[in-house]
Amino acid sequence: MAGHDHGHTPAAWTGVTIAFIGFCVAGAFTVAANPLGFWAGVVIIALGGVVGAAMRAAGLGMPKTQHPPQPKPQPTAQSQAQAQTQQ
């Protein structure tokens, strides 16, 4: 992961931090048996996603042109043997 620069943007950090706080709030109110507080935590979790997406749209996320190309999967020995037997 360290070599891919995945998620190292202000938009990602802010969205995840807000969602983490929402999980903590929802968890605390679950233990306290308070449904209203639990749903407030769920709203905070959703707010984290909205804020992260808005910050990415504002240019604080990783541009699509910087995404590294995905490596092509290498065929396994079993699939190579099957291809040879079919020929």
# chains A, B, ... in the order shown; residues from 1 in each chain; ligands from 1
$ residues_around --residues "Phe23 (chain A)" --least-positions-apart "5" --cutoff "10 Å" --atoms "only C-alpha atoms" --output "PyMOL selection string"
chain A and resi 17-18+28-29+38+41-45
$ residues_around --residues "Gly37 (chain A)" --least-positions-apart "5" --cutoff "8 Å" --atoms "only C-alpha atoms" --output "PyMOL selection string"
chain A and resi 25-26+29-30
$ residues_around --residues "Ala58 (chain A)" --least-positions-apart "6" --cutoff "12 Å" --atoms "only C-alpha atoms" --output "number ranges by chain"
A: 10-11, 51-52
$ decode --residues "region 25-41 of chain A" --atoms "all heavy atoms" --output "PDB file, in the first residue's frame"
ATOM      1  N   VAL A  25     -19.687   7.363  17.892  1.00  0.00           N
ATOM      2  CA  VAL A  25     -20.950   7.861  18.460  1.00  0.00           C
ATOM      3  C   VAL A  25     -22.008   6.756  18.423  1.00  0.00           C
ATOM      4  O   VAL A  25     -22.689   6.492  19.423  1.00  0.00           O
ATOM      5  CB  VAL A  25     -21.424   9.120  17.697  1.00  0.00           C
ATOM      6  CG1 VAL A  25     -22.856   9.491  18.062  1.00  0.00           C
ATOM      7  CG2 VAL A  25     -20.487  10.289  17.963  1.00  0.00           C
ATOM      8  N   ALA A  26     -22.143   6.103  17.270  1.00  0.00           N
ATOM      9  CA  ALA A  26     -23.154   5.040  17.149  1.00  0.00           C
ATOM     10  C   ALA A  26     -22.846   3.892  18.109  1.00  0.00           C
ATOM     11  O   ALA A  26     -23.762   3.342  18.734  1.00  0.00           O
ATOM     12  CB  ALA A  26     -23.201   4.528  15.709  1.00  0.00           C
ATOM     13  N   GLY A  27     -21.586   3.543  18.255  1.00  0.00           N
ATOM     14  CA  GLY A  27     -21.219   2.474  19.174  1.00  0.00           C
ATOM     15  C   GLY A  27     -21.504   2.818  20.622  1.00  0.00           C
ATOM     16  O   GLY A  27     -22.016   1.995  21.385  1.00  0.00           O
ATOM     17  N   ALA A  28     -21.184   4.049  21.002  1.00  0.00           N
ATOM     18  CA  ALA A  28     -21.428   4.475  22.383  1.00  0.00           C
ATOM     19  C   ALA A  28     -22.925   4.472  22.704  1.00  0.00           C
ATOM     20  O   ALA A  28     -23.343   4.015  23.776  1.00  0.00           O
ATOM     21  CB  ALA A  28     -20.845   5.862  22.616  1.00  0.00           C
ATOM     22  N   PHE A  29     -23.736   4.952  21.774  1.00  0.00           N
ATOM     23  CA  PHE A  29     -25.172   4.981  22.030  1.00  0.00           C
ATOM     24  C   PHE A  29     -25.808   3.598  21.905  1.00  0.00           C
ATOM     25  O   PHE A  29     -26.879   3.367  22.466  1.00  0.00           O
ATOM     26  CB  PHE A  29     -25.867   6.002  21.124  1.00  0.00           C
ATOM     27  CG  PHE A  29     -25.694   7.412  21.609  1.00  0.00           C
ATOM     28  CD1 PHE A  29     -24.862   8.297  20.945  1.00  0.00           C
ATOM     29  CD2 PHE A  29     -26.346   7.856  22.742  1.00  0.00           C
ATOM     30  CE1 PHE A  29     -24.692   9.594  21.394  1.00  0.00           C
ATOM     31  CE2 PHE A  29     -26.194   9.151  23.214  1.00  0.00           C
ATOM     32  CZ  PHE A  29     -25.363  10.021  22.530  1.00  0.00           C
ATOM     33  N   THR A  30     -25.162   2.683  21.172  1.00  0.00           N
ATOM     34  CA  THR A  30     -25.649   1.308  21.146  1.00  0.00           C
ATOM     35  C   THR A  30     -25.477   0.677  22.527  1.00  0.00           C
ATOM     36  O   THR A  30     -26.390   0.017  23.040  1.00  0.00           O
ATOM     37  CB  THR A  30     -24.888   0.480  20.094  1.00  0.00           C
ATOM     38  OG1 THR A  30     -25.134   1.053  18.808  1.00  0.00           O
ATOM     39  CG2 THR A  30     -25.333  -0.966  20.096  1.00  0.00           C
ATOM     40  N   VAL A  31     -24.314   0.898  23.133  1.00  0.00           N
ATOM     41  CA  VAL A  31     -24.057   0.362  24.465  1.00  0.00           C
ATOM     42  C   VAL A  31     -24.996   1.002  25.487  1.00  0.00           C
ATOM     43  O   VAL A  31     -25.464   0.350  26.423  1.00  0.00           O
ATOM     44  CB  VAL A  31     -22.572   0.577  24.850  1.00  0.00           C
ATOM     45  CG1 VAL A  31     -22.325   0.214  26.303  1.00  0.00           C
ATOM     46  CG2 VAL A  31     -21.666  -0.220  23.928  1.00  0.00           C
ATOM     47  N   ALA A  32     -25.294   2.279  25.292  1.00  0.00           N
ATOM     48  CA  ALA A  32     -26.185   2.989  26.207  1.00  0.00           C
ATOM     49  C   ALA A  32     -27.659   2.700  25.935  1.00  0.00           C
ATOM     50  O   ALA A  32     -28.526   3.222  26.642  1.00  0.00           O
ATOM     51  CB  ALA A  32     -25.943   4.493  26.110  1.00  0.00           C
ATOM     52  N   ALA A  33     -27.946   1.894  24.922  1.00  0.00           N
ATOM     53  CA  ALA A  33     -29.326   1.536  24.550  1.00  0.00           C
ATOM     54  C   ALA A  33     -30.168   2.768  24.253  1.00  0.00           C
ATOM     55  O   ALA A  33     -31.306   2.898  24.683  1.00  0.00           O
ATOM     56  CB  ALA A  33     -29.978   0.674  25.625  1.00  0.00           C
ATOM     57  N   ASN A  34     -29.588   3.679  23.466  1.00  0.00           N
ATOM     58  CA  ASN A  34     -30.277   4.901  23.084  1.00  0.00           C
ATOM     59  C   ASN A  34     -30.400   4.922  21.557  1.00  0.00           C
ATOM     60  O   ASN A  34     -29.465   5.273  20.856  1.00  0.00           O
ATOM     61  CB  ASN A  34     -29.482   6.116  23.575  1.00  0.00           C
ATOM     62  CG  ASN A  34     -30.188   7.416  23.304  1.00  0.00           C
ATOM     63  OD1 ASN A  34     -31.029   7.509  22.423  1.00  0.00           O
ATOM     64  ND2 ASN A  34     -29.827   8.434  24.064  1.00  0.00           N
ATOM     65  N   PRO A  35     -31.575   4.535  21.027  1.00  0.00           N
ATOM     66  CA  PRO A  35     -31.723   4.445  19.575  1.00  0.00           C
ATOM     67  C   PRO A  35     -31.555   5.785  18.855  1.00  0.00           C
ATOM     68  O   PRO A  35     -31.020   5.832  17.753  1.00  0.00           O
ATOM     69  CB  PRO A  35     -33.135   3.912  19.363  1.00  0.00           C
ATOM     70  CG  PRO A  35     -33.624   3.464  20.676  1.00  0.00           C
ATOM     71  CD  PRO A  35     -32.773   4.087  21.722  1.00  0.00           C
ATOM     72  N   LEU A  36     -31.996   6.869  19.462  1.00  0.00           N
ATOM     73  CA  LEU A  36     -31.875   8.170  18.820  1.00  0.00           C
ATOM     74  C   LEU A  36     -30.401   8.554  18.634  1.00  0.00           C
ATOM     75  O   LEU A  36     -30.004   9.032  17.565  1.00  0.00           O
ATOM     76  CB  LEU A  36     -32.599   9.244  19.646  1.00  0.00           C
ATOM     77  CG  LEU A  36     -32.662  10.644  19.027  1.00  0.00           C
ATOM     78  CD1 LEU A  36     -33.390  10.595  17.690  1.00  0.00           C
ATOM     79  CD2 LEU A  36     -33.344  11.598  19.975  1.00  0.00           C
ATOM     80  N   GLY A  37     -29.603   8.316  19.634  1.00  0.00           N
ATOM     81  CA  GLY A  37     -28.167   8.597  19.523  1.00  0.00           C
ATOM     82  C   GLY A  37     -27.488   7.701  18.511  1.00  0.00           C
ATOM     83  O   GLY A  37     -26.585   8.123  17.788  1.00  0.00           O
ATOM     84  N   PHE A  38     -27.925   6.422  18.441  1.00  0.00           N
ATOM     85  CA  PHE A  38     -27.380   5.507  17.441  1.00  0.00           C
ATOM     86  C   PHE A  38     -27.635   6.041  16.037  1.00  0.00           C
ATOM     87  O   PHE A  38     -26.731   6.078  15.199  1.00  0.00           O
ATOM     88  CB  PHE A  38     -28.009   4.121  17.597  1.00  0.00           C
ATOM     89  CG  PHE A  38     -27.741   3.222  16.426  1.00  0.00           C
ATOM     90  CD1 PHE A  38     -26.519   2.604  16.285  1.00  0.00           C
ATOM     91  CD2 PHE A  38     -28.723   3.013  15.455  1.00  0.00           C
ATOM     92  CE1 PHE A  38     -26.268   1.782  15.191  1.00  0.00           C
ATOM     93  CE2 PHE A  38     -28.465   2.200  14.371  1.00  0.00           C
ATOM     94  CZ  PHE A  38     -27.241   1.578  14.246  1.00  0.00           C
ATOM     95  N   TRP A  39     -28.872   6.456  15.762  1.00  0.00           N
ATOM     96  CA  TRP A  39     -29.191   6.953  14.421  1.00  0.00           C
ATOM     97  C   TRP A  39     -28.485   8.274  14.128  1.00  0.00           C
ATOM     98  O   TRP A  39     -28.156   8.560  12.973  1.00  0.00           O
ATOM     99  CB  TRP A  39     -30.701   7.061  14.236  1.00  0.00           C
ATOM    100  CG  TRP A  39     -31.309   5.705  14.110  1.00  0.00           C
ATOM    101  CD1 TRP A  39     -32.099   5.062  15.015  1.00  0.00           C
ATOM    102  CD2 TRP A  39     -31.110   4.776  13.034  1.00  0.00           C
ATOM    103  NE1 TRP A  39     -32.419   3.801  14.572  1.00  0.00           N
ATOM    104  CE2 TRP A  39     -31.825   3.602  13.348  1.00  0.00           C
ATOM    105  CE3 TRP A  39     -30.412   4.816  11.843  1.00  0.00           C
ATOM    106  CZ2 TRP A  39     -31.849   2.493  12.506  1.00  0.00           C
ATOM    107  CZ3 TRP A  39     -30.442   3.706  11.006  1.00  0.00           C
ATOM    108  CH2 TRP A  39     -31.153   2.571  11.342  1.00  0.00           C
ATOM    109  N   ALA A  40     -28.220   9.063  15.162  1.00  0.00           N
ATOM    110  CA  ALA A  40     -27.418  10.279  14.954  1.00  0.00           C
ATOM    111  C   ALA A  40     -26.010   9.902  14.512  1.00  0.00           C
ATOM    112  O   ALA A  40     -25.419  10.545  13.637  1.00  0.00           O
ATOM    113  CB  ALA A  40     -27.377  11.105  16.236  1.00  0.00           C
ATOM    114  N   GLY A  41     -25.456   8.838  15.096  1.00  0.00           N
ATOM    115  CA  GLY A  41     -24.149   8.351  14.680  1.00  0.00           C
ATOM    116  C   GLY A  41     -24.154   7.863  13.245  1.00  0.00           C
ATOM    117  O   GLY A  41     -23.201   8.100  12.485  1.00  0.00           O
TER     118      GLY A  41
END
